[in-house]
file my_file07.txt (compact mmCIF, C-alpha atoms and all ligand atoms)
# COMPACT_ATOMS: atom_id res chain seq x y z
CA MET A 273 68.59 203.54 28.43
CA ASP A 274 71.59 201.41 29.36
CA LEU A 275 71.86 198.62 31.88
CA CYS A 276 73.00 200.96 34.62
CA GLU A 277 70.06 203.33 34.17
CA LEU A 278 67.75 200.36 34.08
CA GLU A 279 68.99 199.18 37.51
CA LYS A 280 68.44 202.65 38.91
CA SER A 281 64.88 202.91 37.54
CA SER A 282 64.11 199.47 38.90
CA GLU A 283 65.30 200.48 42.36
CA ILE A 284 63.30 203.71 42.31
CA SER A 285 60.14 201.89 41.24
CA LEU A 286 60.42 199.45 44.14
CA GLN A 287 60.99 202.28 46.60
CA GLU A 288 57.92 204.03 45.29
CA VAL A 289 55.85 200.90 45.87
CA ALA A 290 57.24 200.59 49.39
CA SER A 291 56.31 204.13 50.30
CA ALA A 292 52.87 204.20 48.61
CA ASP A 293 50.25 204.07 51.33
CA THR A 294 46.87 204.25 49.60
CA ALA A 295 45.13 202.01 47.09
CA GLN A 296 45.03 204.98 44.67
CA ALA A 297 48.79 205.53 44.94
CA LEU A 298 49.43 201.83 44.23
CA GLU A 299 47.12 201.93 41.23
CA ALA A 300 48.91 205.03 39.91
CA LEU A 301 52.24 203.19 40.18
CA ARG A 302 50.81 200.21 38.36
CA VAL A 303 49.76 202.50 35.49
CA LYS A 304 53.07 204.35 35.56
CA TYR A 305 55.21 201.22 35.24
CA LEU A 306 53.03 198.48 33.76
CA GLY A 307 50.21 200.36 32.00
CA ARG A 308 49.80 200.39 28.24
CA ASN A 309 51.96 203.50 28.07
CA GLY A 310 53.95 202.55 31.12
CA LEU A 311 57.72 202.62 31.48
CA ILE A 312 58.41 198.90 31.40
CA PRO A 313 56.45 198.16 28.19
CA ALA A 314 58.13 201.18 26.61
CA ILE A 315 61.56 199.84 27.47
CA ILE A 316 60.65 196.41 26.10
CA LYS A 317 59.49 198.06 22.89
CA SER A 318 62.80 199.95 22.58
CA MET A 319 64.85 196.75 22.93
CA LYS A 320 65.47 196.73 19.18
CA ASP A 321 67.69 199.84 19.62
CA VAL A 322 69.95 198.10 22.12
CA PRO A 323 73.20 196.81 20.57
CA LYS A 324 72.84 193.15 19.63
CA GLU A 325 75.51 191.82 21.98
CA GLU A 326 73.96 193.64 25.01
CA ARG A 327 70.43 192.58 24.22
CA PRO A 328 70.29 189.25 26.13
CA ALA A 329 71.60 190.76 29.38
CA PHE A 330 69.36 193.81 28.95
CA GLY A 331 66.30 191.65 28.23
CA LYS A 332 66.95 189.54 31.29
CA ALA A 333 67.29 192.64 33.46
CA VAL A 334 63.99 194.10 32.18
CA GLN A 335 62.14 190.82 32.84
CA ALA A 336 63.63 190.60 36.33
CA TRP A 337 62.54 194.18 37.07
CA LYS A 338 59.05 193.53 35.78
CA ALA A 339 58.75 190.38 37.91
CA SER A 340 60.03 191.98 41.10
CA PHE A 341 57.91 195.10 40.55
CA GLU A 342 54.75 193.01 40.05
CA GLU A 343 55.54 190.93 43.08
CA ALA A 344 56.16 193.97 45.29
CA LEU A 345 52.98 195.62 44.06
CA GLN A 346 50.82 192.52 44.70
CA ALA A 347 52.28 192.03 48.16
CA LYS A 348 51.62 195.66 49.04
CA ILE A 349 48.04 195.47 47.76
CA ALA A 350 47.42 192.26 49.71
CA SER A 351 48.79 193.64 52.96
CA SER A 352 47.03 196.99 52.66
CA THR A 353 43.64 195.37 51.96
CA LYS A 354 44.19 193.14 54.97
CA GLU A 355 44.96 196.16 57.12
CA ASN A 356 42.22 198.41 55.82
CA HIS A 357 39.62 195.79 54.87
CA VAL A 358 39.18 197.84 51.72
CA GLU A 359 38.20 194.83 49.65
CA CYS A 360 35.46 193.64 52.01
CA ASP A 361 32.24 193.42 50.03
CA LEU A 362 29.53 194.48 52.43
CA THR A 363 26.78 193.49 50.01
CA GLN A 364 27.72 189.77 50.24
CA PRO A 365 25.28 187.64 52.25
CA GLY A 366 26.79 186.76 55.65
CA MET A 367 27.84 183.31 56.82
CA TRP A 368 25.22 181.71 59.06
CA TYR A 369 26.54 179.57 61.88
CA GLU A 370 23.84 177.70 63.73
CA PRO A 371 24.37 177.51 67.46
CA GLY A 372 25.59 174.05 68.47
CA ILE A 373 23.84 171.66 70.84
CA LYS A 374 25.50 169.68 73.60
CA HIS A 375 25.38 165.94 73.12
CA PRO A 376 22.88 164.26 75.48
CA LEU A 377 25.68 162.21 77.06
CA SER A 378 27.66 165.37 77.81
CA ARG A 379 24.54 166.97 79.21
CA VAL A 380 23.87 164.06 81.57
CA ILE A 381 27.50 164.04 82.70
CA GLU A 382 27.62 167.78 83.28
CA GLU A 383 24.28 167.82 85.10
CA THR A 384 25.34 164.90 87.28
CA ALA A 385 28.57 166.67 88.21
CA GLU A 386 26.57 169.74 89.12
CA ILE A 387 24.08 167.84 91.27
CA PHE A 388 26.73 165.91 93.17
CA GLY A 389 28.81 169.07 93.36
CA LYS A 390 26.07 170.56 95.55
CA LEU A 391 26.58 167.62 97.91
CA GLY A 392 30.33 168.20 98.14
CA PHE A 393 31.47 165.63 95.58
CA THR A 394 34.35 166.57 93.30
CA VAL A 395 35.02 165.10 89.86
CA ALA A 396 37.88 162.59 89.64
CA ASP A 397 39.45 161.14 86.53
CA GLY A 398 41.17 157.90 85.56
CA PRO A 399 42.58 156.27 82.43
CA GLU A 400 40.57 154.09 80.06
CA LEU A 401 43.53 151.73 79.74
CA GLU A 402 43.76 150.05 83.13
CA ASN A 403 45.71 147.29 84.83
CA LYS A 404 44.24 144.09 86.23
CA PHE A 405 44.78 145.14 89.84
CA ASN A 406 42.72 148.35 89.60
CA ASN A 407 39.95 146.98 87.40
CA PHE A 408 39.55 143.56 89.03
CA THR A 409 41.85 142.40 91.83
CA ALA A 410 41.58 145.38 94.16
CA LEU A 411 37.83 145.34 93.53
CA ASN A 412 37.76 141.90 95.09
CA THR A 413 37.04 140.12 91.82
CA PRO A 414 38.19 136.48 92.12
CA PRO A 415 40.75 135.25 89.55
CA HIS A 416 38.31 133.15 87.57
CA HIS A 417 35.40 135.56 87.53
CA PRO A 418 33.68 135.48 84.10
CA SER A 419 34.08 139.24 83.61
CA MET A 420 37.83 138.68 83.37
CA ASP A 421 37.39 136.34 80.44
CA ARG A 422 38.78 137.34 77.05
CA SER A 423 35.32 137.02 75.60
CA ASP A 424 34.03 139.74 77.95
CA THR A 425 36.93 142.15 78.26
CA PHE A 426 39.30 143.78 75.77
CA TRP A 427 42.75 142.68 76.94
CA PHE A 428 46.15 143.84 75.73
CA GLY A 429 48.49 141.20 77.12
CA ASP A 430 48.02 139.84 80.65
CA ASP A 431 47.93 143.02 82.68
CA CYS A 432 46.50 145.71 80.44
CA LEU A 433 42.86 146.13 79.48
CA LEU A 434 40.21 148.64 78.48
CA ARG A 435 38.42 149.29 81.77
CA THR A 436 35.12 147.44 81.98
CA GLN A 437 33.74 149.86 84.56
CA THR A 438 34.65 153.19 86.15
CA SER A 439 35.10 151.42 89.52
CA PRO A 440 38.93 151.30 89.18
CA VAL A 441 38.82 155.05 89.81
CA GLN A 442 37.62 154.18 93.34
CA ILE A 443 40.89 152.31 93.82
CA ARG A 444 42.97 155.15 92.38
CA ALA A 445 41.19 157.71 94.57
CA MET A 446 41.66 155.70 97.77
CA MET A 447 45.28 154.85 97.03
CA SER A 448 46.14 158.48 96.54
CA ALA A 449 44.27 160.03 99.49
CA LYS A 450 43.00 159.42 103.00
CA PRO A 451 39.32 159.70 103.97
CA PRO A 452 37.08 161.62 103.83
CA ILE A 453 36.76 160.99 100.09
CA ARG A 454 33.79 162.22 98.12
CA ILE A 455 34.17 161.82 94.35
CA ILE A 456 32.28 161.09 91.21
CA CYS A 457 34.00 159.95 88.05
CA PRO A 458 32.36 160.06 84.64
CA GLY A 459 34.10 158.18 81.84
CA ARG A 460 34.17 155.71 78.99
CA THR A 461 34.03 152.00 79.66
CA TYR A 462 34.38 148.98 77.37
CA ARG A 463 32.95 145.49 77.19
CA ARG A 464 32.92 142.88 74.47
CA ASP A 465 29.20 143.30 73.92
CA THR A 466 27.58 142.95 70.54
CA THR A 467 25.81 146.16 69.74
CA ASP A 468 22.01 146.24 69.74
CA ALA A 469 19.33 148.74 70.75
CA THR A 470 20.40 148.74 74.40
CA HIS A 471 24.04 147.56 74.31
CA SER A 472 27.24 149.01 72.95
CA ALA A 473 30.83 147.79 73.30
CA ASN A 474 31.75 151.28 74.38
CA PHE A 475 29.54 153.11 76.82
CA HIS A 476 29.80 155.56 79.71
CA GLN A 477 29.46 155.27 83.46
CA ILE A 478 29.53 157.68 86.35
CA GLU A 479 31.17 156.24 89.42
CA GLY A 480 30.56 157.62 92.88
CA LEU A 481 32.49 156.99 96.10
CA TYR A 482 32.08 158.28 99.61
CA VAL A 483 34.39 157.07 102.38
CA ASP A 484 34.73 158.56 105.86
CA ASN A 485 36.47 157.80 109.11
CA LEU A 486 34.84 155.70 111.84
CA PRO A 487 33.45 156.13 114.38
CA LYS A 488 33.08 159.83 113.73
CA LYS A 489 30.91 159.32 110.69
CA PRO A 490 29.57 155.81 110.10
CA VAL A 491 28.29 155.80 106.53
CA SER A 492 25.13 153.79 105.99
CA LEU A 493 22.95 152.37 103.25
CA ALA A 494 20.38 155.01 104.26
CA ASP A 495 22.91 157.73 103.36
CA LEU A 496 23.41 156.08 100.00
CA LYS A 497 19.70 155.91 99.36
CA SER A 498 19.05 159.50 100.33
CA VAL A 499 21.86 160.75 98.10
CA LEU A 500 20.64 158.70 95.14
CA ALA A 501 17.04 159.81 95.73
CA TYR A 502 18.18 163.44 95.76
CA PHE A 503 20.09 162.84 92.52
CA ALA A 504 17.05 161.16 90.95
CA ARG A 505 14.74 164.08 91.78
CA GLU A 506 17.21 166.66 90.52
CA MET A 507 17.83 164.73 87.31
CA MET A 508 14.34 163.39 86.53
CA GLY A 509 11.94 165.65 88.36
CA ASP A 510 10.23 165.62 91.75
CA SER A 511 7.85 162.74 91.14
CA VAL A 512 10.53 160.08 90.54
CA LYS A 513 10.85 157.30 93.12
CA VAL A 514 13.96 155.24 93.87
CA ARG A 515 14.00 151.53 94.62
CA PHE A 516 16.85 149.32 95.83
CA ARG A 517 16.90 145.63 94.88
CA PRO A 518 19.33 143.19 96.50
CA HIS A 519 22.16 142.24 94.15
CA PHE A 520 25.79 141.14 94.18
CA PHE A 521 28.96 142.99 93.26
CA PRO A 522 32.33 141.67 94.44
CA PHE A 523 33.37 145.10 95.70
CA THR A 524 30.30 146.11 97.71
CA GLU A 525 28.53 144.37 100.59
CA PRO A 526 25.60 144.60 100.79
CA SER A 527 25.06 145.35 97.09
CA VAL A 528 21.98 146.73 95.40
CA GLU A 529 20.67 147.53 91.98
CA VAL A 530 19.06 150.92 91.79
CA ASP A 531 15.83 151.52 89.86
CA PHE A 532 14.09 154.81 89.10
CA SER A 533 10.32 154.78 88.70
CA CYS A 534 9.49 155.11 85.01
CA HIS A 535 9.14 158.78 84.16
CA VAL A 536 6.96 158.03 81.12
CA CYS A 537 4.11 156.08 82.76
CA LYS A 538 4.87 157.25 86.32
CA GLY A 539 5.08 153.64 87.41
CA SER A 540 1.90 152.20 85.93
CA GLY A 541 3.76 150.21 83.23
CA CYS A 542 4.58 151.04 79.62
CA ARG A 543 6.83 150.06 76.72
CA VAL A 544 9.79 152.09 77.99
CA CYS A 545 9.91 150.26 81.35
CA LYS A 546 8.82 146.95 79.81
CA ASP A 547 5.59 147.13 81.86
CA SER A 548 7.40 146.95 85.18
CA GLY A 549 7.04 150.61 86.17
CA TRP A 550 10.78 150.71 87.03
CA ILE A 551 14.00 151.26 85.10
CA GLU A 552 17.38 150.01 86.29
CA VAL A 553 19.96 152.79 86.28
CA ALA A 554 22.82 151.90 88.62
CA GLY A 555 24.66 149.38 90.73
CA ALA A 556 25.64 150.39 94.25
CA GLY A 557 26.43 149.25 97.76
CA MET A 558 28.60 149.65 100.85
CA VAL A 559 32.31 149.35 100.08
CA ASP A 560 33.48 145.82 100.87
CA PRO A 561 36.10 145.66 103.69
CA ARG A 562 38.34 143.61 101.37
CA VAL A 563 38.53 146.57 99.00
CA PHE A 564 39.63 148.79 101.90
CA LYS A 565 42.35 146.24 102.67
CA HIS A 566 43.57 146.24 99.06
CA VAL A 567 44.06 150.01 99.08
CA GLY A 568 45.80 149.99 102.45
CA TYR A 569 42.95 151.31 104.61
CA ASP A 570 42.08 149.76 107.96
CA PRO A 571 38.57 148.31 107.37
CA SER A 572 37.70 148.76 111.04
CA ALA A 573 38.49 152.48 110.84
CA VAL A 574 36.52 153.53 107.75
CA SER A 575 33.17 152.98 106.05
CA GLY A 576 31.69 154.13 102.77
CA TYR A 577 29.40 153.58 99.83
CA ALA A 578 29.92 153.39 96.06
CA PHE A 579 27.65 153.55 93.07
CA GLY A 580 27.96 153.35 89.30
CA PHE A 581 25.42 154.82 86.87
CA GLY A 582 25.04 154.04 83.20
CA VAL A 583 25.13 157.41 81.44
CA GLU A 584 23.41 156.12 78.29
CA ARG A 585 20.66 154.64 80.47
CA ILE A 586 19.93 157.97 82.07
CA ALA A 587 20.12 159.86 78.78
CA MET A 588 17.77 157.37 77.14
CA ILE A 589 15.11 157.65 79.81
CA LYS A 590 15.53 161.37 80.37
CA TYR A 591 15.22 162.22 76.67
CA GLY A 592 13.06 159.27 75.58
CA ILE A 593 15.69 157.78 73.23
CA PRO A 594 14.69 154.23 72.26
CA ASP A 595 17.94 153.09 70.64
CA ILE A 596 21.42 153.48 72.15
CA ARG A 597 23.00 153.61 68.66
CA TRP A 598 21.37 156.97 68.01
CA LEU A 599 23.74 158.40 70.61
CA TYR A 600 26.79 157.50 68.52
CA GLU A 601 25.65 158.17 64.96
CA ASN A 602 26.22 161.93 65.10
CA ASP A 603 23.09 162.56 63.07
CA ILE A 604 22.52 166.27 63.40
CA ARG A 605 18.75 165.82 62.91
CA PHE A 606 18.62 163.63 66.01
CA LEU A 607 20.74 166.00 68.08
CA ARG A 608 18.66 168.98 66.95
CA GLN A 609 15.47 167.40 68.25
CA LEU A 610 16.97 167.40 71.72
CA GLY A 611 17.95 171.06 71.49
N1 LIG B 701 30.85 148.76 88.45
C1 LIG B 701 29.53 148.20 88.53
C2 LIG B 701 29.08 147.78 87.12
O1 LIG B 701 29.69 148.19 86.17
C3 LIG B 701 28.54 149.15 89.12
C4 LIG B 701 28.82 149.46 90.57
C5 LIG B 701 29.60 150.56 90.91
C6 LIG B 701 28.31 148.68 91.56
C7 LIG B 701 29.84 150.83 92.24
C8 LIG B 701 28.56 148.93 92.90
C9 LIG B 701 29.33 150.02 93.24
O2 LIG B 701 28.12 147.09 86.94
call {"tool": "encode", "arguments": {"input": "my_file07.txt", "output": "C-alpha cells"}}
result
Amino acid sequence: MDLCELEKSSEISLQEVASADTAQALEALRVKYLGRNGLIPAIIKSMKDVPKEERPAFGKAVQAWKASFEEALQAKIASSTKENHVECDLTQPGMWYEPGIKHPLSRVIEETAEIFGKLGFTVADGPELENKFNNFTALNTPPHHPSMDRSDTFWFGDDCLLRTQTSPVQIRAMMSAKPPIRIICPGRTYRRDTTDATHSANFHQIEGLYVDNLPKKPVSLADLKSVLAYFAREMMGDSVKVRFRPHFFPFTEPSVEVDFSCHVCKGSGCRVCKDSGWIEVAGAGMVDPRVFKHVGYDPSAVSGYAFGFGVERIAMIKYGIPDIRWLYENDIRFLRQLG
C-alpha cells in the first residue's frame, strides 16, 4: 500500500463511520479497522516493507488516520447513545430528591401577601439601599434623631444607607401615585444590632399603607384595627386577640404598638410571652400630615394608616421558634421539622 492508497482507505473508513447508524455497525467498523486483525494494525505491521526514505511520511499518515478514525468512532458512539439512550443502565438505583420545604420567613411573607390580597392590597417593592430622604426625612424623622446615628444605622457616605425599616416604601409609593393607595411591602431591613436570640442586624419587615381621598373615605384607627385583627385571625387562628398600645413613631399620629394575644398560653401567661399574655408584632398608626406634605399630597384632602410587621416575630410565634438565629443557619434538620 502506498501513501495514495492509504489516504483513500482513510477517507473510506471515515465515511463508513459517518453512515453507520447502529451500535452493531459501529462495533463492526471498530473490529474491521482497529481489531487485532484489523486493517490499521496490519498496515503498521507491514511498515517494514515500505522503502526506508518513505517510511517517516507513511508512518505519520497511518498514525493520523488511526487518530482521526478513533476520534470519529468515539464521537459517533457518544452521540448515538445520547440519542438512543442505549447505554442507560436500568438496573442502577435511581436518584432520590427529597421535596424541598419553604423557609418559614418566605411562608409568612407569602401568607401575608395572600391575606392582604383578599383585602385589595397589592405587593410593592423598594430597594434595600436607600437615601436619607426616603428612610428618614420624608418620614418626619428630625435631623438629630438617634436612629440616624452611625451606631444605629449602616451608612455609606452622607446620603446612602441600608434601610432601617420598610417604611421608605410608603414614600416611594405615594410619590409615584395618587390615592387610593393600598399596598404591602415585604423586605429586608438592617440595623446595627448585636445578634442575640431575638435580634439580628438583618431582619425582615412587612410594611402596609392605605391612603384614600377625603371626604369620600375618611380612614380611621378603627379601620386599621379591623384590618389587623382580620390579618391576625387569618395568620394565627380564630382565637387570637389584637391589642393596641399607645406609642410614638415620627411618621404616624396617633401611633400604636400592636400586640397579638399569645397563641401558646392563650393569654394566661407563659415563657413565650414572658408571662404577659401578649406578644408585640407591629408598629402602626395614622399617617402623619407632615408625611403627606413631604410627598406632595394635600394633608387636608387625604387620610390613611400605615403599619409595619416584623416577619421574624410572626414566624417565631407562629412556628414556636425560640431563637431568631435558627432562621438564618440553614440547618436542614430545623427546616424539616417545620415541613
Ligand atoms: N417602621 C416602624 C419600625 O420599624 C414600624 C411602623 C411602620 C410604625 C408603619 C408605624 C407605621 O419600627
call {"tool": "axis_aligned_box", "arguments": {"input": "my_file07.txt", "around": "ligand LIG 701 (chain B)", "padding_each_side": "4 Å", "output": "AutoDock Vina command-line options"}}
result
--center_x 29.5 --center_y 149.0 --center_z 89.7 --size_x 10.7 --size_y 11.7 --size_z 15.1
call {"tool": "residues_near_ligand", "arguments": {"input": "my_file07.txt", "ligand": "ligand LIG 701 (chain B)", "cutoff": "9 Å", "atoms": "only C-alpha atoms and all ligand atoms", "output": "PyMOL selection string"}}
result
chain A and resi 436-440+442+461+477-481+520-525+527-529+554-559+577-582
call {"tool": "residues_around", "arguments": {"input": "my_file07.txt", "residues": "A:Gly509", "least_positions_apart": "4", "cutoff": "9 Å", "atoms": "only C-alpha atoms", "output": "number ranges by chain"}}
result
A: 504-505, 535
call {"tool": "closest_atom_pairs", "arguments": {"input": "my_file07.txt", "of": "stretch 310-407 of chain A", "to": "stretch 284-303 of chain A", "cutoff": "8 Å", "atoms": "all atoms listed in the file", "output": "Markdown table"}}
result
| residue | atom | partner | partner_atom | distance |
| --- | --- | --- | --- | --- |
| A:Gly310 | CA | A:Val303 | CA | 6.1 |
| A:Phe341 | CA | A:Leu286 | CA | 6.2 |
| A:Ala344 | CA | A:Val289 | CA | 7.0 |
| A:Leu345 | CA | A:Val289 | CA | 6.3 |
| A:Lys348 | CA | A:Val289 | CA | 7.4 |
| A:Ile349 | CA | A:Ala295 | CA | 7.2 |
| A:Ser352 | CA | A:Ala295 | CA | 7.7 |
call {"tool": "residues_around", "arguments": {"input": "my_file07.txt", "residues": "stretch 413-418 of chain A", "least_positions_apart": "3", "cutoff": "10 Å", "atoms": "all atoms listed in the file", "output": "list in words"}}
result
Lys404, Phe405, Asn407, Phe408, Thr409, Ala410, Asp421, Arg422, Ser423, Asp424, Thr425, Phe521, Pro522, Phe523 and Val563 of chain A
call {"tool": "closest_residue", "arguments": {"input": "my_file07.txt", "among": "A:Met447, A:Phe393, A:Lys546, A:Cys534", "to": "A:Gly568", "atoms": "only C-alpha atoms"}}
result
A:Met447
call {"tool": "decode", "arguments": {"input": "my_file07.txt", "residues": "stretch 528-554 of chain A", "atoms": "C-alpha atoms", "output": "short mmCIF file (atom, residue, chain, number, x, y, z; two decimals), in the first residue's frame"}}
result
data_model
loop_
_atom_site.label_atom_id
_atom_site.label_comp_id
_atom_site.auth_asym_id
_atom_site.auth_seq_id
_atom_site.Cartn_x
_atom_site.Cartn_y
_atom_site.Cartn_z
CA VAL A 528 -49.66 52.40 68.37
CA GLU A 529 -47.79 49.22 69.03
CA VAL A 530 -49.74 46.16 68.06
CA ASP A 531 -49.81 43.02 70.23
CA PHE A 532 -51.30 39.62 69.46
CA SER A 533 -52.57 37.52 72.35
CA CYS A 534 -50.08 34.72 72.98
CA HIS A 535 -51.09 31.72 70.91
CA VAL A 536 -49.25 29.31 73.22
CA CYS A 537 -50.95 30.09 76.56
CA LYS A 538 -53.98 31.84 75.01
CA GLY A 539 -53.25 34.87 77.14
CA SER A 540 -52.81 33.33 80.57
CA GLY A 541 -49.01 33.91 80.61
CA CYS A 542 -46.11 31.66 79.66
CA ARG A 543 -42.43 31.69 78.76
CA VAL A 544 -43.05 32.63 75.13
CA CYS A 545 -44.93 35.83 76.03
CA LYS A 546 -42.77 36.48 79.10
CA ASP A 547 -45.85 35.97 81.30
CA SER A 548 -47.67 38.95 79.86
CA GLY A 549 -50.16 37.03 77.70
CA TRP A 550 -49.32 39.34 74.75
CA ILE A 551 -46.64 39.46 72.06
CA GLU A 552 -45.65 42.64 70.24
CA VAL A 553 -45.72 42.15 66.48
CA ALA A 554 -46.02 45.53 64.76
#
